[in-house]
file structure-v6.pdb (PDB, C-alpha atoms)
ATOM      1  CA  MET A   1      18.502  27.323 -12.004
ATOM      2  CA  LYS A   2      15.017  26.948 -13.368
ATOM      3  CA  ARG A   3      15.950  23.553 -14.726
ATOM      4  CA  VAL A   4      17.323  22.457 -11.387
ATOM      5  CA  THR A   5      14.223  23.741  -9.641
ATOM      6  CA  ALA A   6      12.010  21.783 -11.963
ATOM      7  CA  ALA A   7      14.079  18.654 -11.536
ATOM      8  CA  VAL A   8      13.922  18.918  -7.769
ATOM      9  CA  PHE A   9      10.292  19.864  -7.389
ATOM     10  CA  GLY A  10       8.816  18.458 -10.517
ATOM     11  CA  LEU A  11       7.964  14.910  -9.598
ATOM     12  CA  MET A  12       5.220  15.703  -7.155
ATOM     13  CA  LEU A  13       3.391  12.425  -7.352
ATOM     14  CA  ILE A  14       6.418  10.364  -6.570
ATOM     15  CA  GLY A  15       8.532  13.124  -5.067
ATOM     16  CA  GLY A  16       6.573  14.943  -2.461
ATOM     17  CA  VAL A  17       9.280  17.411  -1.608
ATOM     18  CA  SER A  18       8.419  20.675   0.008
ATOM     19  CA  PHE A  19       9.189  24.060  -1.471
ATOM     20  CA  SER A  20       9.253  27.705  -0.551
ATOM     21  CA  PRO A  21       6.018  29.629  -1.168
ATOM     22  CA  ALA A  22       8.250  32.616  -1.894
ATOM     23  CA  VAL A  23       9.524  30.905  -5.032
ATOM     24  CA  TYR A  24       6.119  30.081  -6.479
ATOM     25  CA  ALA A  25       3.225  32.488  -6.341
ATOM     26  CA  ARG A  26       0.036  30.798  -7.532
ATOM     27  CA  SER A  27      -1.256  32.449 -10.651
ATOM     28  CA  ALA A  28      -4.619  34.102 -10.134
ATOM     29  CA  ASP A  29      -6.350  31.864 -12.702
ATOM     30  CA  ALA A  30      -4.995  28.541 -11.376
ATOM     31  CA  PRO A  31      -7.933  26.190 -10.676
ATOM     32  CA  ALA A  32      -8.429  25.422  -6.989
ATOM     33  CA  ILE A  33      -8.007  21.754  -6.019
ATOM     34  CA  ASN A  34      -9.377  20.262  -2.828
ATOM     35  CA  LEU A  35      -8.727  16.835  -1.341
ATOM     36  CA  PRO A  36     -11.907  14.736  -1.493
ATOM     37  CA  SER A  37     -12.996  13.753   1.996
ATOM     38  CA  ASP A  38     -13.271  10.052   1.106
ATOM     39  CA  TYR A  39      -9.789   9.605  -0.421
ATOM     40  CA  ARG A  40      -8.747   7.153   2.303
ATOM     41  CA  ASP A  41     -11.553   4.819   1.174
ATOM     42  CA  TRP A  42     -10.313   4.590  -2.415
ATOM     43  CA  LYS A  43      -8.972   1.392  -3.913
ATOM     44  CA  LEU A  44      -5.341   0.407  -3.999
ATOM     45  CA  ILE A  45      -3.413   0.988  -7.222
ATOM     46  CA  SER A  46       0.082   0.142  -5.968
ATOM     47  CA  VAL A  47       2.689   0.663  -3.273
ATOM     48  CA  ALA A  48       6.233   2.017  -3.298
ATOM     49  CA  HIS A  49       9.197   2.951  -1.155
ATOM     50  CA  GLU A  50      11.221   6.072  -1.772
ATOM     51  CA  ALA A  51      14.603   6.022  -0.073
ATOM     52  CA  GLY A  52      16.952   9.001   0.117
ATOM     53  CA  ALA A  53      15.702  12.322   1.424
ATOM     54  CA  LEU A  54      12.053  11.271   1.215
ATOM     55  CA  ASN A  55      12.574   8.008   3.116
ATOM     56  CA  ASP A  56       8.905   7.094   3.000
ATOM     57  CA  ILE A  57       6.648   4.139   2.274
ATOM     58  CA  ARG A  58       3.559   4.956   0.270
ATOM     59  CA  ALA A  59       0.334   3.771  -1.232
ATOM     60  CA  ILE A  60      -1.259   5.045  -4.404
ATOM     61  CA  LEU A  61      -5.055   4.896  -4.295
ATOM     62  CA  GLY A  62      -7.620   5.732  -6.942
ATOM     63  CA  ASN A  63     -11.287   6.614  -7.068
ATOM     64  CA  ASP A  64     -13.565   4.276  -9.017
ATOM     65  CA  ALA A  65     -12.993   6.064 -12.327
ATOM     66  CA  ALA A  66      -9.216   5.897 -11.988
ATOM     67  CA  VAL A  67      -9.123   2.255 -10.896
ATOM     68  CA  ALA A  68     -11.480   1.217 -13.707
ATOM     69  CA  ALA A  69      -9.214   2.984 -16.197
ATOM     70  CA  TYR A  70      -6.132   1.291 -14.812
ATOM     71  CA  ARG A  71      -7.724  -2.145 -14.816
ATOM     72  CA  SER A  72      -8.984  -1.781 -18.377
ATOM     73  CA  GLY A  73      -5.597  -0.590 -19.613
ATOM     74  CA  ALA A  74      -7.019   2.737 -20.760
ATOM     75  CA  GLN A  75      -4.586   4.892 -22.713
ATOM     76  CA  THR A  76      -6.268   8.073 -21.562
ATOM     77  CA  PHE A  77      -7.975   8.491 -18.218
ATOM     78  CA  PRO A  78     -11.488   9.976 -18.138
ATOM     79  CA  ASP A  79     -12.412  13.298 -16.634
ATOM     80  CA  GLY A  80     -13.139  12.803 -12.950
ATOM     81  CA  ALA A  81     -10.409  10.194 -12.431
ATOM     82  CA  MET A  82      -8.489  10.949  -9.247
ATOM     83  CA  ILE A  83      -5.331   9.397  -7.882
ATOM     84  CA  VAL A  84      -3.971  10.056  -4.412
ATOM     85  CA  ARG A  85      -0.550   9.258  -3.035
ATOM     86  CA  VAL A  86      -0.459   8.797   0.736
ATOM     87  CA  ALA A  87       2.920   8.375   2.428
ATOM     88  CA  TRP A  88       4.322   7.652   5.829
ATOM     89  CA  ALA A  89       7.781   7.684   7.377
ATOM     90  CA  TYR A  90       9.641   4.491   6.502
ATOM     91  CA  THR A  91       9.913   2.966   9.959
ATOM     92  CA  PRO A  92      11.574  -0.241  11.187
ATOM     93  CA  SER A  93       9.201  -2.466  13.163
ATOM     94  CA  GLU A  94      10.951  -3.850  16.218
ATOM     95  CA  GLU A  95       7.828  -5.816  17.028
ATOM     96  CA  ASN A  96       7.770  -7.555  13.666
ATOM     97  CA  ASN A  97      11.525  -8.085  13.753
ATOM     98  CA  ARG A  98      11.249  -9.908  17.066
ATOM     99  CA  SER A  99       8.775 -12.331  15.529
ATOM    100  CA  PHE A 100      10.862 -12.807  12.410
ATOM    101  CA  GLY A 101      14.011 -13.201  14.482
ATOM    102  CA  ARG A 102      15.869 -10.705  12.293
ATOM    103  CA  GLU A 103      15.754  -7.072  11.242
ATOM    104  CA  GLN A 104      13.811  -7.039   8.042
ATOM    105  CA  SER A 105      10.473  -5.328   8.601
ATOM    106  CA  PHE A 106       9.623  -1.737   7.681
ATOM    107  CA  VAL A 107       6.173  -0.303   8.222
ATOM    108  CA  ALA A 108       4.243   2.960   7.938
ATOM    109  CA  GLY A 109       5.188   5.457  10.642
ATOM    110  CA  ALA A 110       3.987   9.044  10.956
ATOM    111  CA  PRO A 111       2.202  10.402   7.877
ATOM    112  CA  THR A 112       4.243  12.742   5.674
ATOM    113  CA  ASN A 113       1.961  14.447   3.173
ATOM    114  CA  ILE A 114      -0.731  13.690   0.606
ATOM    115  CA  GLN A 115      -0.624  14.284  -3.143
ATOM    116  CA  LEU A 116      -3.465  14.288  -5.615
ATOM    117  CA  MET A 117      -3.888  14.160  -9.381
ATOM    118  CA  ILE A 118      -7.308  14.936 -10.807
ATOM    119  CA  LYS A 119      -8.198  14.560 -14.465
ATOM    120  CA  ASP A 120     -10.070  17.319 -16.271
ATOM    121  CA  ALA A 121      -8.819  17.622 -19.832
ATOM    122  CA  GLU A 122     -10.195  21.113 -20.321
ATOM    123  CA  LYS A 123      -9.641  22.631 -16.910
ATOM    124  CA  PHE A 124      -6.047  21.438 -16.662
ATOM    125  CA  LYS A 125      -5.065  21.481 -20.316
ATOM    126  CA  ALA A 126      -1.823  23.350 -19.523
ATOM    127  CA  THR A 127      -0.583  20.305 -17.574
ATOM    128  CA  GLY A 128      -1.654  17.388 -19.733
ATOM    129  CA  GLY A 129      -5.232  17.349 -18.501
ATOM    130  CA  TRP A 130      -4.257  16.629 -14.916
ATOM    131  CA  GLY A 131      -4.439  18.943 -11.931
ATOM    132  CA  TYR A 132      -1.749  18.409  -9.301
ATOM    133  CA  ALA A 133      -1.987  19.151  -5.605
ATOM    134  CA  GLN A 134      -0.173  18.496  -2.373
ATOM    135  CA  PHE A 135      -1.623  18.674   1.127
ATOM    136  CA  ALA A 136       0.332  18.679   4.385
ATOM    137  CA  ASP A 137      -2.522  16.620   5.838
ATOM    138  CA  ALA A 138      -6.162  15.840   5.144
ATOM    139  CA  ASN A 139      -7.253  19.232   6.506
ATOM    140  CA  ALA A 140      -4.675  21.381   4.724
ATOM    141  CA  SER A 141      -5.117  23.340   1.525
ATOM    142  CA  ASN A 142      -3.212  22.681  -1.683
ATOM    143  CA  SER A 143       0.369  23.899  -1.405
ATOM    144  CA  VAL A 144       1.280  23.545  -5.085
ATOM    145  CA  LYS A 145       1.766  27.006  -6.556
ATOM    146  CA  ASP A 146       3.192  26.247  -9.986
ATOM    147  CA  SER A 147       2.064  22.845 -11.201
ATOM    148  CA  VAL A 148       3.831  23.230 -14.550
ATOM    149  CA  ASN A 149       7.277  23.438 -12.995
ATOM    150  CA  GLN A 150       6.645  21.630  -9.732
ATOM    151  CA  CYS A 151       4.767  18.662 -11.173
ATOM    152  CA  PHE A 152       4.134  18.506 -14.878
ATOM    153  CA  HIS A 153       7.762  18.983 -15.859
ATOM    154  CA  CYS A 154       8.727  15.523 -14.598
ATOM    155  CA  HIS A 155       5.439  13.794 -15.440
ATOM    156  CA  GLN A 156       6.095  14.527 -19.107
ATOM    157  CA  ALA A 157       8.591  11.663 -18.969
ATOM    158  CA  VAL A 158       5.589   9.297 -18.885
ATOM    159  CA  GLN A 159       3.333  11.111 -21.338
ATOM    160  CA  SER A 160       2.675   7.808 -23.123
ATOM    161  CA  ARG A 161       0.925   6.508 -19.982
ATOM    162  CA  ASP A 162      -1.189   9.626 -19.586
ATOM    163  CA  TYR A 163       1.512  11.154 -17.373
ATOM    164  CA  LEU A 164       1.159   8.494 -14.673
ATOM    165  CA  PHE A 165       4.308   7.054 -13.143
ATOM    166  CA  THR A 166       2.481   4.449 -11.101
ATOM    167  CA  ARG A 167       1.505   1.171 -12.765
ATOM    168  CA  TYR A 168      -1.377  -0.882 -11.425
ATOM    169  CA  ALA A 169      -0.223  -3.769  -9.203
ATOM    170  CA  ARG A 170      -2.254  -6.882  -9.962
TER     171      ARG A 170
ATOM    172  CA  MET B   1      12.547 -28.531  16.031
ATOM    173  CA  LYS B   2       8.896 -27.827  16.521
ATOM    174  CA  ARG B   3       9.771 -24.470  17.985
ATOM    175  CA  VAL B   4      11.992 -23.620  15.038
ATOM    176  CA  THR B   5       9.297 -24.690  12.612
ATOM    177  CA  ALA B   6       6.771 -22.469  14.317
ATOM    178  CA  ALA B   7       9.163 -19.552  14.341
ATOM    179  CA  VAL B   8       9.886 -19.926  10.663
ATOM    180  CA  PHE B   9       6.375 -20.574   9.450
ATOM    181  CA  GLY B  10       4.318 -18.989  12.139
ATOM    182  CA  LEU B  11       4.032 -15.388  11.096
ATOM    183  CA  MET B  12       1.923 -15.962   8.040
ATOM    184  CA  LEU B  13       0.379 -12.525   7.834
ATOM    185  CA  ILE B  14       3.668 -10.750   7.784
ATOM    186  CA  GLY B  15       5.846 -13.708   6.840
ATOM    187  CA  GLY B  16       4.448 -15.378   3.799
ATOM    188  CA  VAL B  17       7.032 -18.110   3.619
ATOM    189  CA  SER B  18       6.302 -21.300   1.831
ATOM    190  CA  PHE B  19       6.398 -24.724   3.405
ATOM    191  CA  SER B  20       6.333 -28.359   2.504
ATOM    192  CA  PRO B  21       2.877 -29.934   2.295
ATOM    193  CA  ALA B  22       4.520 -33.139   3.477
ATOM    194  CA  VAL B  23       5.189 -31.559   6.853
ATOM    195  CA  TYR B  24       1.633 -30.411   7.469
ATOM    196  CA  ALA B  25      -1.355 -32.543   6.670
ATOM    197  CA  ARG B  26      -4.561 -30.565   7.069
ATOM    198  CA  SER B  27      -6.693 -32.030   9.785
ATOM    199  CA  ALA B  28      -9.966 -33.408   8.501
ATOM    200  CA  ASP B  29     -12.029 -30.985  10.559
ATOM    201  CA  ALA B  30     -10.123 -27.814   9.575
ATOM    202  CA  PRO B  31     -12.598 -25.245   8.205
ATOM    203  CA  ALA B  32     -12.142 -24.464   4.512
ATOM    204  CA  ILE B  33     -11.155 -20.871   3.716
ATOM    205  CA  ASN B  34     -11.613 -19.292   0.307
ATOM    206  CA  LEU B  35     -10.304 -15.962  -0.960
ATOM    207  CA  PRO B  36     -13.232 -13.577  -1.522
ATOM    208  CA  SER B  37     -13.368 -12.512  -5.164
ATOM    209  CA  ASP B  38     -13.503  -8.808  -4.311
ATOM    210  CA  TYR B  39     -10.467  -8.675  -2.018
ATOM    211  CA  ARG B  40      -8.584  -6.344  -4.373
ATOM    212  CA  ASP B  41     -11.355  -3.752  -3.918
ATOM    213  CA  TRP B  42     -10.972  -3.611  -0.133
ATOM    214  CA  LYS B  43      -9.731  -0.529   1.663
ATOM    215  CA  LEU B  44      -6.141   0.107   2.617
ATOM    216  CA  ILE B  45      -5.079  -0.610   6.185
ATOM    217  CA  SER B  46      -1.334  -0.110   5.790
ATOM    218  CA  VAL B  47       1.778  -0.886   3.773
ATOM    219  CA  ALA B  48       5.089  -2.568   4.614
ATOM    220  CA  HIS B  49       8.366  -3.789   3.215
ATOM    221  CA  GLU B  50       9.880  -7.087   4.244
ATOM    222  CA  ALA B  51      13.561  -7.353   3.386
ATOM    223  CA  GLY B  52      15.597 -10.538   3.703
ATOM    224  CA  ALA B  53      14.400 -13.743   2.118
ATOM    225  CA  LEU B  54      10.920 -12.372   1.475
ATOM    226  CA  ASN B  55      12.160  -9.178  -0.210
ATOM    227  CA  ASP B  56       8.672  -7.918  -0.939
ATOM    228  CA  ILE B  57       6.588  -4.779  -0.739
ATOM    229  CA  ARG B  58       3.060  -5.272   0.495
ATOM    230  CA  ALA B  59      -0.306  -3.791   1.199
ATOM    231  CA  ILE B  60      -2.712  -4.880   3.905
ATOM    232  CA  LEU B  61      -6.357  -4.381   2.924
ATOM    233  CA  GLY B  62      -9.528  -4.947   4.879
ATOM    234  CA  ASN B  63     -13.187  -5.477   4.150
ATOM    235  CA  ASP B  64     -15.624  -2.914   5.536
ATOM    236  CA  ALA B  65     -16.020  -4.718   8.867
ATOM    237  CA  ALA B  66     -12.266  -4.912   9.418
ATOM    238  CA  VAL B  67     -11.583  -1.305   8.428
ATOM    239  CA  ALA B  68     -14.425  -0.025  10.605
ATOM    240  CA  ALA B  69     -12.975  -1.970  13.541
ATOM    241  CA  TYR B  70      -9.503  -0.578  12.933
ATOM    242  CA  ARG B  71     -10.739   2.997  12.609
ATOM    243  CA  SER B  72     -12.821   2.775  15.764
ATOM    244  CA  GLY B  73      -9.938   1.306  17.744
ATOM    245  CA  ALA B  74     -11.891  -1.864  18.498
ATOM    246  CA  GLN B  75     -10.189  -4.212  20.944
ATOM    247  CA  THR B  76     -11.832  -7.240  19.392
ATOM    248  CA  PHE B  77     -12.751  -7.545  15.735
ATOM    249  CA  PRO B  78     -16.263  -8.686  14.837
ATOM    250  CA  ASP B  79     -17.116 -11.930  13.108
ATOM    251  CA  GLY B  80     -16.912 -11.400   9.369
ATOM    252  CA  ALA B  81     -13.920  -9.071   9.522
ATOM    253  CA  MET B  82     -11.389 -10.039   6.865
ATOM    254  CA  ILE B  83      -7.857  -8.797   6.300
ATOM    255  CA  VAL B  84      -5.808  -9.616   3.228
ATOM    256  CA  ARG B  85      -2.086  -9.164   2.692
ATOM    257  CA  VAL B  86      -1.099  -8.757  -0.947
ATOM    258  CA  ALA B  87       2.616  -8.648  -1.795
ATOM    259  CA  TRP B  88       4.840  -8.098  -4.770
ATOM    260  CA  ALA B  89       8.546  -8.471  -5.454
ATOM    261  CA  TYR B  90      10.444  -5.455  -4.147
ATOM    262  CA  THR B  91      11.653  -3.986  -7.419
ATOM    263  CA  PRO B  92      13.846  -0.964  -8.200
ATOM    264  CA  SER B  93      12.221   1.429 -10.652
ATOM    265  CA  GLU B  94      14.757   2.627 -13.183
ATOM    266  CA  GLU B  95      12.097   4.863 -14.682
ATOM    267  CA  ASN B  96      11.419   6.642 -11.412
ATOM    268  CA  ASN B  97      15.123   6.823 -10.604
ATOM    269  CA  ARG B  98      15.795   8.626 -13.863
ATOM    270  CA  SER B  99      13.266  11.272 -12.911
ATOM    271  CA  PHE B 100      14.606  11.589  -9.394
ATOM    272  CA  GLY B 101      18.167  11.676 -10.649
ATOM    273  CA  ARG B 102      19.232   9.053  -8.133
ATOM    274  CA  GLU B 103      18.541   5.447  -7.190
ATOM    275  CA  GLN B 104      15.896   5.628  -4.527
ATOM    276  CA  SER B 105      12.652   4.227  -5.876
ATOM    277  CA  PHE B 106      11.271   0.731  -5.220
ATOM    278  CA  VAL B 107       7.928  -0.384  -6.583
ATOM    279  CA  ALA B 108       5.697  -3.439  -6.790
ATOM    280  CA  GLY B 109       7.002  -6.054  -9.246
ATOM    281  CA  ALA B 110       5.589  -9.515  -9.848
ATOM    282  CA  PRO B 111       3.016 -10.667  -7.289
ATOM    283  CA  THR B 112       4.257 -13.172  -4.705
ATOM    284  CA  ASN B 113       1.299 -14.616  -2.799
ATOM    285  CA  ILE B 114      -1.824 -13.581  -0.929
ATOM    286  CA  GLN B 115      -2.653 -14.152   2.730
ATOM    287  CA  LEU B 116      -5.982 -13.859   4.470
ATOM    288  CA  MET B 117      -7.257 -13.650   8.020
ATOM    289  CA  ILE B 118     -10.962 -14.089   8.622
ATOM    290  CA  LYS B 119     -12.658 -13.605  11.978
ATOM    291  CA  ASP B 120     -15.130 -16.146  13.265
ATOM    292  CA  ALA B 121     -14.787 -16.532  17.013
ATOM    293  CA  GLU B 122     -16.562 -19.873  17.124
ATOM    294  CA  LYS B 123     -15.359 -21.493  13.921
ATOM    295  CA  PHE B 124     -11.715 -20.637  14.531
ATOM    296  CA  LYS B 125     -11.625 -20.725  18.321
ATOM    297  CA  ALA B 126      -8.482 -22.883  18.289
ATOM    298  CA  THR B 127      -6.552 -19.988  16.710
ATOM    299  CA  GLY B 128      -7.819 -16.973  18.615
ATOM    300  CA  GLY B 129     -10.981 -16.628  16.551
ATOM    301  CA  TRP B 130      -9.145 -16.028  13.308
ATOM    302  CA  GLY B 131      -8.835 -18.337  10.337
ATOM    303  CA  TYR B 132      -5.567 -18.107   8.413
ATOM    304  CA  ALA B 133      -5.007 -18.844   4.747
ATOM    305  CA  GLN B 134      -2.421 -18.394   2.035
ATOM    306  CA  PHE B 135      -3.026 -18.478  -1.713
ATOM    307  CA  ALA B 136      -0.378 -18.697  -4.425
ATOM    308  CA  ASP B 137      -2.599 -16.402  -6.483
ATOM    309  CA  ALA B 138      -6.219 -15.275  -6.641
ATOM    310  CA  ASN B 139      -7.270 -18.567  -8.266
ATOM    311  CA  ALA B 140      -5.402 -20.908  -5.945
ATOM    312  CA  SER B 141      -6.753 -22.777  -2.959
ATOM    313  CA  ASN B 142      -5.594 -22.278   0.601
ATOM    314  CA  SER B 143      -2.183 -23.830   1.159
ATOM    315  CA  VAL B 144      -2.131 -23.533   4.957
ATOM    316  CA  LYS B 145      -2.336 -27.002   6.470
ATOM    317  CA  ASP B 146      -1.706 -26.353  10.152
ATOM    318  CA  SER B 147      -2.733 -22.833  11.116
ATOM    319  CA  VAL B 148      -1.858 -23.355  14.768
ATOM    320  CA  ASN B 149       1.814 -23.912  14.070
ATOM    321  CA  GLN B 150       2.139 -22.086  10.773
ATOM    322  CA  CYS B 151       0.265 -18.915  11.774
ATOM    323  CA  PHE B 152      -1.196 -18.668  15.238
ATOM    324  CA  HIS B 153       2.022 -19.467  17.045
ATOM    325  CA  CYS B 154       3.582 -16.133  16.074
ATOM    326  CA  HIS B 155       0.365 -14.099  16.141
ATOM    327  CA  GLN B 156       0.077 -14.851  19.842
ATOM    328  CA  ALA B 157       2.800 -12.223  20.301
ATOM    329  CA  VAL B 158       0.136  -9.596  19.553
ATOM    330  CA  GLN B 159      -2.786 -11.166  21.400
ATOM    331  CA  SER B 160      -3.543  -7.800  23.012
ATOM    332  CA  ARG B 161      -4.381  -6.362  19.576
ATOM    333  CA  ASP B 162      -6.619  -9.296  18.665
ATOM    334  CA  TYR B 163      -3.642 -11.083  17.110
ATOM    335  CA  LEU B 164      -3.099  -8.431  14.425
ATOM    336  CA  PHE B 165       0.449  -7.306  13.696
ATOM    337  CA  THR B 166      -0.594  -4.559  11.300
ATOM    338  CA  ARG B 167      -1.640  -1.188  12.721
ATOM    339  CA  TYR B 168      -3.911   1.102  10.774
ATOM    340  CA  ALA B 169      -2.005   3.841   8.906
ATOM    341  CA  ARG B 170      -3.866   7.136   9.208
TER     342      ARG B 170
END
call {"tool": "encode", "arguments": {"input": "structure-v6.pdb", "output": "structure tokens"}}
result
Amino acid sequence: MKRVTAAVFGLMLIGGVSFSPAVYARSADAPAINLPSDYRDWKLISVAHEAGALNDIRAILGNDAAVAAYRSGAQTFPDGAMIVRVAWAYTPSEENNRSFGREQSFVAGAPTNIQLMIKDAEKFKATGGWGYAQFADANASNSVKDSVNQCFHCHQAVQSRDYLFTRYAR
Amino acid sequence: MKRVTAAVFGLMLIGGVSFSPAVYARSADAPAINLPSDYRDWKLISVAHEAGALNDIRAILGNDAAVAAYRSGAQTFPDGAMIVRVAWAYTPSEENNRSFGREQSFVAGAPTNIQLMIKDAEKFKATGGWGYAQFADANASNSVKDSVNQCFHCHQAVQSRDYLFTRYAR
């Protein structure tokens, strides 16, 4: 069951599933993570669409430190690098389809939730040097209670890229 | 035939189709449009997926003037506002799918082309105050030869939003 739980909840940065607070009680010594107020101004790293239960369209943005690391091909991201995943409901655009003359256009609908990775090799050493957080919206607090099982478990699959699934889109 | 041509080529900012240079000869007095070198640093406006022949995933970015106008709900964008559409091949991610345990993830593959709108009410008064351009890549020159028929024709459908199809994704 633990394995299933990890598989379901683990891939926070590309998953974004919700979970029951009853299952995960945040450990008393878990570092607090807040969403920086300027995240929506960060630079674009890439875009993606997740079908299935998520059914969202998303952008991955980075602060200057993260984007510089991506662009330079850094193997390890520096402390202070932050990456945010913003997502919206995957929504057909009737307006665009009328102009195209066929049903082909999908745009960002209502926002879903926001996820954040923040690099601090010492502070988050239990999870590869990254802190993981999820926010219901820009004013919400972090809902991740157990970042090892909810996030880090799946991100270990890309340890060779400093645990980052997203590749920079040039 | 003219109508069909406009319908096919018109929606440059969300369309991005190619065309034959033989069909459109740029008029001698058409203003030159270059792609600003820092476009990839601009802020995110929204994201979209175009299925069908385009089959891309895209981000729409804006310079500070454009993003400020979007965020303030401006009815008319100021001179100097610039909006760029960057797009990549819509590509399944086997890596992400392995972590999700199902085929659901689509990411940015190879870049396709880049489109630009630039506001100058006087310079581009024949096309609603916007100049339209398309670039094969960041080093290419503008390939739009007839922005009235290739671009403006379809953008007139959204004249009430200053000819912008894309809405800001909050």
call {"tool": "resolve_selection", "arguments": {"input": "structure-v6.pdb", "expression": "the ChimeraX specification (/B :<9) & /A", "output": "ChimeraX atom specification"}}
result
/A:7-8,10-11,14-15,40-44,46-55,57-59,61,88,90,95-96,99-111,154-155,157-158,165-170
call {"tool": "residues_near_point", "arguments": {"input": "structure-v6.pdb", "point": "(-5.4, -15.4, 0.2)", "cutoff": "9 Å", "atoms": "all atoms listed in the file", "output": "list in words"}}
result
Ile33, Asn34, Leu35, Pro36, Tyr39, Val84, Arg85, Val86, Asn113, Ile114, Gln115, Leu116, Met117, Tyr132, Ala133, Gln134, Phe135, Ala136, Asp137, Ala138, Ala140, Ser141 and Asn142 of chain B
call {"tool": "atom_distance", "arguments": {"input": "structure-v6.pdb", "atom1": "atom CA of B:Gly80", "atom2": "atom CA of A:Ala68"}}
result
26.9 Å
call {"tool": "atom_distance", "arguments": {"input": "structure-v6.pdb", "atom1": "atom CA of A:Ala66", "atom2": "atom CA of B:Ala69"}}
result
27.0 Å
call {"tool": "atom_distance", "arguments": {"input": "structure-v6.pdb", "atom1": "atom CA of A:Phe124", "atom2": "atom CA of A:Pro31"}}
result
7.9 Å
call {"tool": "residues_around", "arguments": {"input": "structure-v6.pdb", "residues": "A:Ala65", "least_positions_apart": "3", "cutoff": "9 Å", "atoms": "all atoms listed in the file", "output": "JSON, numbers by chain"}}
result
{"A": [62, 68, 69, 70, 77, 78, 79, 80, 81, 82]}
call {"tool": "closest_residue", "arguments": {"input": "structure-v6.pdb", "among": "A:Gln75, A:Asn63, A:Thr127, A:Ser160", "to": "A:Ser147", "atoms": "only C-alpha atoms"}}
result
A:Thr127
call {"tool": "residues_around", "arguments": {"input": "structure-v6.pdb", "residues": "A:Gly128", "least_positions_apart": "2", "cutoff": "8 Å", "atoms": "only C-alpha atoms", "output": "ChimeraX atom specification"}}
result
/A:121,124-126,130,152,162-163
call {"tool": "axis_aligned_box", "arguments": {"input": "structure-v6.pdb", "around": "stretch 92-96 of chain B", "padding_each_side": "8 Å", "output": "JSON"}}
result
{"center_x": 13.1, "center_y": 2.8, "center_z": -11.4, "size_x": 19.3, "size_y": 23.6, "size_z": 22.5}
